[in-house]
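Visitor: You'll find my_file.cif just under this line, and it carries mmCIF, C-alpha atoms.
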data_upload
#
loop_
_atom_site.label_atom_id
_atom_site.label_comp_id
_atom_site.auth_asym_id
_atom_site.auth_seq_id
_atom_site.Cartn_x
_atom_site.Cartn_y
_atom_site.Cartn_z
CA GLU A 974 20.68 -119.15 -43.14
CA ALA A 975 21.67 -115.64 -42.00
CA GLU A 976 25.39 -115.00 -41.75
CA VAL A 977 27.76 -112.32 -40.59
CA ALA A 978 29.36 -110.65 -43.62
CA GLN A 979 32.88 -109.25 -43.63
CA SER A 980 35.00 -107.56 -46.25
CA PRO A 981 37.58 -107.70 -47.55
CA ARG A 982 38.47 -111.34 -46.96
CA TYR A 983 42.17 -110.67 -47.46
CA LYS A 984 44.20 -107.48 -47.19
CA ILE A 985 47.89 -106.86 -47.72
CA THR A 986 49.20 -103.48 -46.70
CA GLU A 987 52.52 -101.85 -46.00
CA LYS A 988 53.38 -100.73 -42.50
CA SER A 989 52.41 -97.15 -41.68
CA GLN A 990 49.46 -97.34 -44.10
CA ALA A 991 45.82 -97.12 -43.06
CA VAL A 992 43.50 -100.12 -43.39
CA ALA A 993 39.79 -100.59 -42.74
CA PHE A 994 37.56 -103.63 -42.30
CA TRP A 995 33.79 -103.80 -42.63
CA CYS A 996 31.25 -106.03 -40.89
CA ASP A 997 27.53 -106.52 -41.41
CA PRO A 998 26.00 -108.54 -38.54
CA ILE A 999 23.05 -110.89 -38.68
CA SER A 1000 19.85 -108.88 -38.98
CA GLY A 1001 18.34 -108.17 -35.57
CA HIS A 1002 21.55 -108.76 -33.64
CA ALA A 1003 22.05 -105.78 -31.35
CA THR A 1004 25.49 -106.81 -30.11
CA LEU A 1005 28.54 -106.72 -32.37
CA TYR A 1006 32.08 -107.80 -31.52
CA TRP A 1007 35.47 -107.33 -33.17
CA TYR A 1008 38.13 -109.91 -32.35
CA ARG A 1009 41.76 -110.34 -33.36
CA GLN A 1010 43.08 -113.86 -33.82
CA ILE A 1011 46.84 -114.33 -34.14
CA LEU A 1012 47.88 -117.56 -35.84
CA GLY A 1013 47.89 -120.42 -33.35
CA GLN A 1014 45.92 -118.50 -30.73
CA GLY A 1015 42.29 -118.05 -29.81
CA PRO A 1016 40.33 -114.89 -30.66
CA GLU A 1017 40.81 -111.91 -28.35
CA LEU A 1018 38.09 -109.30 -27.99
CA LEU A 1019 39.02 -105.86 -29.25
CA VAL A 1020 35.71 -104.03 -28.94
CA GLN A 1021 32.06 -104.80 -28.20
CA PHE A 1022 29.09 -102.70 -29.29
CA GLN A 1023 25.55 -102.76 -27.98
CA ASP A 1024 23.57 -101.02 -30.73
CA GLU A 1025 25.73 -97.97 -31.54
CA SER A 1026 27.39 -97.73 -28.11
CA VAL A 1027 30.75 -99.16 -27.10
CA VAL A 1028 30.34 -101.58 -24.19
CA ASP A 1029 33.94 -102.78 -23.88
CA ASP A 1030 37.02 -101.47 -25.67
CA SER A 1031 39.52 -102.17 -22.91
CA GLN A 1032 41.75 -104.27 -25.20
CA LEU A 1033 41.60 -101.93 -28.20
CA PRO A 1034 44.95 -100.18 -28.86
CA LYS A 1035 43.38 -96.77 -29.09
CA ASP A 1036 46.47 -94.99 -30.34
CA ARG A 1037 46.08 -96.72 -33.69
CA PHE A 1038 42.78 -98.61 -33.74
CA SER A 1039 39.30 -97.15 -33.98
CA ALA A 1040 35.88 -98.72 -34.38
CA GLU A 1041 32.46 -97.33 -35.10
CA ARG A 1042 28.91 -98.53 -35.51
CA LEU A 1043 27.16 -95.29 -36.33
CA LYS A 1044 23.63 -96.53 -36.99
CA GLY A 1045 23.78 -99.59 -34.80
CA VAL A 1046 23.92 -101.97 -37.74
CA ASP A 1047 27.14 -102.42 -39.71
CA SER A 1048 30.54 -101.55 -38.31
CA THR A 1049 34.01 -100.48 -39.42
CA LEU A 1050 37.33 -101.23 -37.72
CA LYS A 1051 40.28 -99.06 -38.74
CA ILE A 1052 43.99 -99.29 -38.12
CA GLN A 1053 46.21 -96.28 -38.72
CA PRO A 1054 49.13 -96.64 -38.99
CA ALA A 1055 49.42 -100.39 -39.45
CA GLU A 1056 52.39 -102.15 -37.82
CA LEU A 1057 53.99 -105.49 -38.62
CA GLY A 1058 52.56 -106.95 -35.40
CA ASP A 1059 49.02 -106.23 -36.59
CA SER A 1060 49.20 -109.14 -39.03
CA ALA A 1061 46.34 -111.42 -37.91
CA MET A 1062 42.80 -112.53 -38.67
CA TYR A 1063 40.20 -109.91 -37.73
CA LEU A 1064 36.89 -111.53 -36.87
CA CYS A 1065 33.51 -109.94 -36.46
CA ALA A 1066 30.76 -111.64 -34.47
CA SER A 1067 27.22 -110.76 -33.51
CA SER A 1068 24.60 -111.93 -31.05
CA LEU A 1069 21.11 -111.16 -29.88
CA ARG A 1070 20.96 -108.57 -27.12
CA ASP A 1071 20.28 -111.14 -24.40
CA ARG A 1072 22.29 -114.04 -25.88
CA SER A 1073 25.85 -112.76 -25.67
CA ASN A 1074 27.21 -116.23 -24.96
CA GLU A 1075 25.89 -117.41 -28.34
CA GLN A 1076 27.99 -115.46 -30.78
CA TYR A 1077 27.99 -116.00 -34.53
CA PHE A 1078 31.22 -115.27 -36.35
CA GLY A 1079 31.90 -114.02 -39.83
CA PRO A 1080 34.58 -115.49 -42.11
CA GLY A 1081 37.17 -112.93 -40.99
CA THR A 1082 39.62 -110.63 -42.75
CA ARG A 1083 43.17 -111.93 -43.03
CA LEU A 1084 45.52 -108.93 -42.71
CA THR A 1085 49.16 -109.11 -43.71
CA VAL A 1086 51.34 -106.09 -42.97
CA THR A 1087 54.62 -105.97 -44.92
CA GLN B 655 49.72 -118.25 -16.85
CA LYS B 656 46.81 -118.06 -19.28
CA GLU B 657 43.28 -118.14 -17.89
CA VAL B 658 42.35 -120.93 -20.29
CA GLU B 659 44.78 -123.65 -21.36
CA GLN B 660 44.26 -125.95 -24.32
CA ASP B 661 46.67 -128.45 -25.86
CA PRO B 662 47.34 -127.24 -29.42
CA GLY B 663 47.79 -130.76 -30.84
CA PRO B 664 47.60 -131.75 -33.56
CA LEU B 665 45.49 -134.72 -32.51
CA SER B 666 45.35 -137.32 -35.24
CA VAL B 667 42.77 -140.15 -35.09
CA PRO B 668 41.34 -142.74 -37.52
CA GLU B 669 37.82 -142.33 -38.86
CA GLY B 670 35.24 -143.72 -36.45
CA ALA B 671 37.31 -143.09 -33.32
CA ILE B 672 36.02 -141.34 -30.21
CA VAL B 673 37.77 -138.02 -29.78
CA SER B 674 38.33 -136.26 -26.47
CA LEU B 675 39.23 -132.57 -26.46
CA ASN B 676 39.95 -130.75 -23.22
CA CYS B 677 40.51 -127.38 -21.62
CA THR B 678 41.60 -126.37 -18.15
CA TYR B 679 41.04 -122.97 -16.61
CA SER B 680 42.19 -121.04 -13.60
CA ASN B 681 39.32 -118.61 -12.95
CA SER B 682 36.81 -120.35 -10.69
CA ALA B 683 34.26 -117.64 -11.50
CA PHE B 684 33.70 -119.00 -15.03
CA GLN B 685 30.14 -120.31 -15.31
CA TYR B 686 29.40 -120.47 -19.04
CA PHE B 687 31.34 -122.81 -21.29
CA MET B 688 31.31 -122.99 -25.07
CA TRP B 689 32.95 -125.08 -27.76
CA TYR B 690 33.60 -123.64 -31.22
CA ARG B 691 34.78 -125.39 -34.38
CA GLN B 692 36.97 -123.46 -36.80
CA TYR B 693 37.78 -124.71 -40.27
CA SER B 694 40.88 -123.41 -42.00
CA ARG B 695 40.49 -119.79 -43.18
CA LYS B 696 36.97 -119.56 -41.70
CA GLY B 697 35.43 -117.99 -38.63
CA PRO B 698 34.59 -120.06 -35.51
CA GLU B 699 31.22 -121.83 -35.43
CA LEU B 700 29.39 -122.41 -32.13
CA LEU B 701 29.01 -126.14 -31.44
CA MET B 702 27.98 -126.52 -27.81
CA TYR B 703 27.04 -124.23 -24.94
CA THR B 704 26.71 -125.33 -21.32
CA TYR B 705 26.09 -123.60 -18.04
CA SER B 706 27.84 -124.64 -14.83
CA SER B 707 28.68 -128.31 -14.27
CA GLY B 708 27.25 -131.37 -15.97
CA ASN B 709 26.88 -132.95 -19.38
CA LYS B 710 25.15 -131.89 -22.56
CA GLU B 711 24.68 -134.03 -25.64
CA ASP B 712 23.92 -133.01 -29.20
CA GLY B 713 24.13 -135.74 -31.82
CA ARG B 714 27.69 -137.06 -31.94
CA PHE B 715 28.94 -134.34 -29.59
CA THR B 716 28.96 -134.39 -25.78
CA ALA B 717 30.22 -131.53 -23.63
CA GLN B 718 31.23 -132.09 -20.02
CA VAL B 719 32.04 -129.52 -17.36
CA ASP B 720 33.74 -130.37 -14.06
CA LYS B 721 33.93 -127.12 -12.14
CA SER B 722 35.54 -128.75 -9.10
CA SER B 723 38.54 -129.67 -11.27
CA LYS B 724 38.28 -126.58 -13.53
CA TYR B 725 38.21 -128.92 -16.51
CA ILE B 726 35.94 -129.13 -19.54
CA SER B 727 35.78 -131.71 -22.30
CA LEU B 728 34.24 -132.20 -25.70
CA PHE B 729 33.71 -135.77 -26.92
CA ILE B 730 33.09 -136.58 -30.56
CA ARG B 731 31.71 -140.05 -31.32
CA ASP B 732 32.15 -141.80 -34.67
CA SER B 733 34.56 -139.12 -35.85
CA GLN B 734 34.49 -138.22 -39.55
CA PRO B 735 37.09 -136.62 -41.85
CA SER B 736 34.74 -133.62 -42.00
CA ASP B 737 35.37 -133.14 -38.26
CA SER B 738 38.97 -132.17 -39.07
CA ALA B 739 39.25 -128.61 -37.81
CA THR B 740 40.51 -126.54 -34.88
CA TYR B 741 38.35 -126.79 -31.77
CA LEU B 742 38.29 -123.78 -29.46
CA CYS B 743 36.91 -123.72 -25.95
CA ALA B 744 35.57 -120.44 -24.61
CA MET B 745 34.16 -119.38 -21.28
CA SER B 746 32.71 -116.40 -19.46
CA VAL B 747 32.05 -115.37 -15.90
CA LYS B 748 28.45 -114.41 -16.37
CA TYR B 749 25.99 -113.74 -19.13
CA GLY B 750 27.07 -110.72 -21.09
CA ASN B 751 30.69 -110.80 -20.02
CA LYS B 752 33.36 -111.21 -22.63
CA LEU B 753 34.38 -114.66 -23.80
CA VAL B 754 37.87 -115.92 -22.98
CA PHE B 755 39.09 -118.39 -25.58
CA GLY B 756 41.61 -121.18 -25.43
CA ALA B 757 44.26 -121.36 -28.16
CA GLY B 758 42.51 -124.24 -29.90
CA THR B 759 43.30 -127.90 -30.58
CA ILE B 760 43.90 -129.03 -34.16
CA LEU B 761 42.06 -132.29 -34.90
CA ARG B 762 42.79 -134.47 -37.93
CA VAL B 763 40.52 -137.41 -38.68
CA LYS B 764 42.05 -139.77 -41.22
CA SER B 765 39.88 -141.83 -43.58
#
Written as structure tokens, how would this file's structure read?
Guide:
Amino acid sequence: EAEVAQSPRYKITEKSQAVAFWCDPISGHATLYWYRQILGQGPELLVQFQDESVVDDSQLPKDRFSAERLKGVDSTLKIQPAELGDSAMYLCASSLRDRSNEQYFGPGTRLTVT
Amino acid sequence: QKEVEQDPGPLSVPEGAIVSLNCTYSNSAFQYFMWYRQYSRKGPELLMYTYSSGNKEDGRFTAQVDKSSKYISLFIRDSQPSDSATYLCAMSVKYGNKLVFGAGTILRVKS
């Protein structure tokens, strides 16, 4: 069964350092999402791509976060500089172009900022 | 006030019990309702997806939506220890809009 791949699974970094996460969506899924999930809370959308274009980045802290999906396939989310409050699970999800309510999630990257 | 409210639990039940998980919401424009299951240290997995009001059944799972009360439920029959997980509700205003998630309810099924 096709799955969304994410790496790394765990990342520990010091505050003020840069960190990057990678996501490879299910093949054929045009829409890609990055979510942040703080412990004890539900996922919150950070950015949504349709192919290589950003559809929604209204909740992305643009002073320190950036996301790209250059060829419309895999994607990278970067944080620079990391802050203590960025400690969370970063989830990637993907969906077919016309099935955005049926999103498939990857295993996530657990980020700890010390 | 959050748009979507969900009791965090934990909800602890014996194996074989019927489980009822619920969410309330404040935005009457929500039309699409989803339930996700999330095991510890894993990403959420889509369980059920319903549109507008009514019931939907899939095996041991039944999803109910009552838009007049702004209340959705997920019922699990014959619960199993493998059902132990966090259950997240999610909803959207229309197709293509972003999903708004509840905080999740932790379910523990004891054998």
Visitor: Restrict the distance test to all atoms listed in the file, flag each residue of chain A within 9 Å of chain B, and return the flagged residues as a list in words.
Guide: Gly1013, Gln1014, Gly1015, Pro1016, Glu1017, Leu1018, Gln1021, Asp1029, Met1062, Leu1064, Cys1065, Ala1066, Arg1070, Asp1071, Arg1072, Ser1073, Asn1074, Glu1075, Gln1076, Tyr1077, Phe1078, Gly1079, Pro1080, Gly1081 and Arg1083 of chain A
Visitor: May I ask for the distance between CA of Ser727 (chain B) and CA of Lys764 (chain B), given in Å to one decimal place?
Guide: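 Taking CA of Ser727 (chain B) as the start and CA of Lys764 (chain B) as the end point, the length is 21.5 Å.
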Visitor: Name the residues captured by the PyMOL selection byres ((chain A and resi 1087) around 8) when it is applied to the shown file; answer as a list of chain:residue names.
Guide: A:Ile985, A:Thr986, A:Glu987, A:Lys988, A:Leu1057, A:Thr1085, A:Val1086
Visitor: Would you please work out which residue, of B:Asn709, B:Ile726, B:Asp732, B:Ser738, is nearest to Ser680 (chain B) when using only C-alpha atoms?
Guide: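 With only C-alpha atoms as the atom set, the closest residue is B:Ile726.
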Visitor: Apply the PyMOL selection byres ((chain B and resi 719) around 7) to the displayed file and report the matching residues as number ranges by chain.
Guide: B: 706-709, 717-718, 720-721, 725-727
Visitor: Take the residues that were just selected and, keeping C-alpha atoms, output them as a CSV table (one decimal), keeping the file's coordinate frame.
Guide:
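Dumped everything to selection13.csv:
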chain,number,residue,atom,x,y,z
B,706,SER,CA,27.8,-124.6,-14.8
B,707,SER,CA,28.7,-128.3,-14.3
B,708,GLY,CA,27.2,-131.4,-16.0
B,709,ASN,CA,26.9,-133.0,-19.4
B,717,ALA,CA,30.2,-131.5,-23.6
B,718,GLN,CA,31.2,-132.1,-20.0
B,720,ASP,CA,33.7,-130.4,-14.1
B,721,LYS,CA,33.9,-127.1,-12.1
B,725,TYR,CA,38.2,-128.9,-16.5
B,726,ILE,CA,35.9,-129.1,-19.5
B,727,SER,CA,35.8,-131.7,-22.3
Visitor: Taking the structure I provided as the source, export region 990-1018 of chain A with N, CA, C and O atoms, as a PDB file, in the first residue's frame.
Guide:
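Saved to part.pdb:
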ATOM      1  N   GLN A 990      19.289  27.110  15.899  1.00  0.00           N
ATOM      2  CA  GLN A 990      19.817  26.337  14.777  1.00  0.00           C
ATOM      3  C   GLN A 990      18.754  26.195  13.686  1.00  0.00           C
ATOM      4  O   GLN A 990      17.566  26.419  13.907  1.00  0.00           O
ATOM      5  N   ALA A 991      19.216  25.801  12.509  1.00  0.00           N
ATOM      6  CA  ALA A 991      18.309  25.542  11.394  1.00  0.00           C
ATOM      7  C   ALA A 991      17.968  24.062  11.363  1.00  0.00           C
ATOM      8  O   ALA A 991      18.794  23.210  11.725  1.00  0.00           O
ATOM      9  N   VAL A 992      16.754  23.737  10.937  1.00  0.00           N
ATOM     10  CA  VAL A 992      16.322  22.343  10.835  1.00  0.00           C
ATOM     11  C   VAL A 992      15.432  22.208   9.592  1.00  0.00           C
ATOM     12  O   VAL A 992      14.737  23.160   9.210  1.00  0.00           O
ATOM     13  N   ALA A 993      15.499  21.044   8.963  1.00  0.00           N
ATOM     14  CA  ALA A 993      14.701  20.815   7.757  1.00  0.00           C
ATOM     15  C   ALA A 993      14.060  19.442   7.810  1.00  0.00           C
ATOM     16  O   ALA A 993      14.665  18.480   8.302  1.00  0.00           O
ATOM     17  N   PHE A 994      12.848  19.359   7.276  1.00  0.00           N
ATOM     18  CA  PHE A 994      12.099  18.110   7.225  1.00  0.00           C
ATOM     19  C   PHE A 994      11.739  17.841   5.770  1.00  0.00           C
ATOM     20  O   PHE A 994      11.448  18.760   5.004  1.00  0.00           O
ATOM     21  N   TRP A 995      11.688  16.559   5.434  1.00  0.00           N
ATOM     22  CA  TRP A 995      11.407  16.162   4.048  1.00  0.00           C
ATOM     23  C   TRP A 995      10.171  15.286   3.988  1.00  0.00           C
ATOM     24  O   TRP A 995       9.915  14.492   4.911  1.00  0.00           O
ATOM     25  N   CYS A 996       9.397  15.434   2.905  1.00  0.00           N
ATOM     26  CA  CYS A 996       8.186  14.647   2.719  1.00  0.00           C
ATOM     27  C   CYS A 996       8.069  14.192   1.273  1.00  0.00           C
ATOM     28  O   CYS A 996       8.267  14.998   0.346  1.00  0.00           O
ATOM     29  N   ASP A 997       7.740  12.929   1.088  1.00  0.00           N
ATOM     30  CA  ASP A 997       7.471  12.386  -0.236  1.00  0.00           C
ATOM     31  C   ASP A 997       6.034  11.880  -0.238  1.00  0.00           C
ATOM     32  O   ASP A 997       5.723  10.895   0.443  1.00  0.00           O
ATOM     33  N   PRO A 998       5.121  12.529  -0.953  1.00  0.00           N
ATOM     34  CA  PRO A 998       3.706  12.140  -0.893  1.00  0.00           C
ATOM     35  C   PRO A 998       3.436  10.853  -1.659  1.00  0.00           C
ATOM     36  O   PRO A 998       4.315  10.326  -2.353  1.00  0.00           O
ATOM     37  N   ILE A 999       2.222  10.381  -1.552  1.00  0.00           N
ATOM     38  CA  ILE A 999       1.799   9.222  -2.331  1.00  0.00           C
ATOM     39  C   ILE A 999       1.837   9.602  -3.817  1.00  0.00           C
ATOM     40  O   ILE A 999       1.409  10.712  -4.190  1.00  0.00           O
ATOM     41  N   SER A1000       2.345   8.710  -4.627  1.00  0.00           N
ATOM     42  CA  SER A1000       2.474   8.984  -6.055  1.00  0.00           C
ATOM     43  C   SER A1000       1.124   9.342  -6.663  1.00  0.00           C
ATOM     44  O   SER A1000       0.116   8.662  -6.432  1.00  0.00           O
ATOM     45  N   GLY A1001       1.113  10.454  -7.413  1.00  0.00           N
ATOM     46  CA  GLY A1001      -0.127  10.880  -8.056  1.00  0.00           C
ATOM     47  C   GLY A1001      -0.939  11.869  -7.250  1.00  0.00           C
ATOM     48  O   GLY A1001      -1.914  12.424  -7.754  1.00  0.00           O
ATOM     49  N   HIS A1002      -0.549  12.087  -6.005  1.00  0.00           N
ATOM     50  CA  HIS A1002      -1.269  13.057  -5.169  1.00  0.00           C
ATOM     51  C   HIS A1002      -0.750  14.458  -5.459  1.00  0.00           C
ATOM     52  O   HIS A1002       0.387  14.789  -5.166  1.00  0.00           O
ATOM     53  N   ALA A1003      -1.631  15.297  -6.001  1.00  0.00           N
ATOM     54  CA  ALA A1003      -1.233  16.645  -6.386  1.00  0.00           C
ATOM     55  C   ALA A1003      -1.171  17.602  -5.212  1.00  0.00           C
ATOM     56  O   ALA A1003      -0.464  18.603  -5.252  1.00  0.00           O
ATOM     57  N   THR A1004      -1.930  17.290  -4.156  1.00  0.00           N
ATOM     58  CA  THR A1004      -2.025  18.215  -3.024  1.00  0.00           C
ATOM     59  C   THR A1004      -1.203  17.689  -1.860  1.00  0.00           C
ATOM     60  O   THR A1004      -1.302  16.518  -1.490  1.00  0.00           O
ATOM     61  N   LEU A1005      -0.405  18.579  -1.284  1.00  0.00           N
ATOM     62  CA  LEU A1005       0.482  18.216  -0.176  1.00  0.00           C
ATOM     63  C   LEU A1005       0.285  19.234   0.955  1.00  0.00           C
ATOM     64  O   LEU A1005       0.146  20.436   0.698  1.00  0.00           O
ATOM     65  N   TYR A1006       0.252  18.724   2.170  1.00  0.00           N
ATOM     66  CA  TYR A1006      -0.003  19.554   3.348  1.00  0.00           C
ATOM     67  C   TYR A1006       1.104  19.333   4.386  1.00  0.00           C
ATOM     68  O   TYR A1006       1.540  18.212   4.599  1.00  0.00           O
ATOM     69  N   TRP A1007       1.480  20.405   5.052  1.00  0.00           N
ATOM     70  CA  TRP A1007       2.327  20.326   6.240  1.00  0.00           C
ATOM     71  C   TRP A1007       1.493  20.796   7.439  1.00  0.00           C
ATOM     72  O   TRP A1007       0.893  21.869   7.407  1.00  0.00           O
ATOM     73  N   TYR A1008       1.497  19.956   8.478  1.00  0.00           N
ATOM     74  CA  TYR A1008       0.789  20.279   9.718  1.00  0.00           C
ATOM     75  C   TYR A1008       1.776  20.286  10.882  1.00  0.00           C
ATOM     76  O   TYR A1008       2.784  19.577  10.863  1.00  0.00           O
ATOM     77  N   ARG A1009       1.429  21.006  11.921  1.00  0.00           N
ATOM     78  CA  ARG A1009       2.153  20.949  13.193  1.00  0.00           C
ATOM     79  C   ARG A1009       1.171  20.439  14.244  1.00  0.00           C
ATOM     80  O   ARG A1009       0.039  20.933  14.330  1.00  0.00           O
ATOM     81  N   GLN A1010       1.615  19.454  15.009  1.00  0.00           N
ATOM     82  CA  GLN A1010       0.779  18.911  16.074  1.00  0.00           C
ATOM     83  C   GLN A1010       1.529  19.015  17.395  1.00  0.00           C
ATOM     84  O   GLN A1010       2.506  18.307  17.614  1.00  0.00           O
ATOM     85  N   ILE A1011       1.052  19.883  18.260  1.00  0.00           N
ATOM     86  CA  ILE A1011       1.607  20.033  19.604  1.00  0.00           C
ATOM     87  C   ILE A1011       0.991  18.943  20.472  1.00  0.00           C
ATOM     88  O   ILE A1011      -0.184  18.584  20.298  1.00  0.00           O
ATOM     89  N   LEU A1012       1.758  18.404  21.384  1.00  0.00           N
ATOM     90  CA  LEU A1012       1.314  17.306  22.233  1.00  0.00           C
ATOM     91  C   LEU A1012      -0.017  17.644  22.903  1.00  0.00           C
ATOM     92  O   LEU A1012      -0.165  18.707  23.509  1.00  0.00           O
ATOM     93  N   GLY A1013      -0.992  16.736  22.736  1.00  0.00           N
ATOM     94  CA  GLY A1013      -2.295  16.943  23.358  1.00  0.00           C
ATOM     95  C   GLY A1013      -3.244  17.788  22.535  1.00  0.00           C
ATOM     96  O   GLY A1013      -4.353  18.093  22.992  1.00  0.00           O
ATOM     97  N   GLN A1014      -2.824  18.151  21.322  1.00  0.00           N
ATOM     98  CA  GLN A1014      -3.682  18.954  20.452  1.00  0.00           C
ATOM     99  C   GLN A1014      -3.831  18.280  19.094  1.00  0.00           C
ATOM    100  O   GLN A1014      -3.072  17.369  18.746  1.00  0.00           O
ATOM    101  N   GLY A1015      -4.803  18.753  18.325  1.00  0.00           N
ATOM    102  CA  GLY A1015      -4.965  18.247  16.977  1.00  0.00           C
ATOM    103  C   GLY A1015      -4.002  18.928  16.013  1.00  0.00           C
ATOM    104  O   GLY A1015      -3.427  19.975  16.330  1.00  0.00           O
ATOM    105  N   PRO A1016      -3.791  18.343  14.844  1.00  0.00           N
ATOM    106  CA  PRO A1016      -2.915  18.963  13.848  1.00  0.00           C
ATOM    107  C   PRO A1016      -3.454  20.318  13.391  1.00  0.00           C
ATOM    108  O   PRO A1016      -4.671  20.504  13.253  1.00  0.00           O
ATOM    109  N   GLU A1017      -2.538  21.250  13.148  1.00  0.00           N
ATOM    110  CA  GLU A1017      -2.899  22.561  12.608  1.00  0.00           C
ATOM    111  C   GLU A1017      -2.155  22.756  11.288  1.00  0.00           C
ATOM    112  O   GLU A1017      -0.932  22.563  11.241  1.00  0.00           O
ATOM    113  N   LEU A1018      -2.887  23.152  10.279  1.00  0.00           N
ATOM    114  CA  LEU A1018      -2.291  23.327   8.952  1.00  0.00           C
ATOM    115  C   LEU A1018      -1.299  24.478   8.947  1.00  0.00           C
ATOM    116  O   LEU A1018      -1.607  25.594   9.386  1.00  0.00           O
TER     117      LEU A1018
END
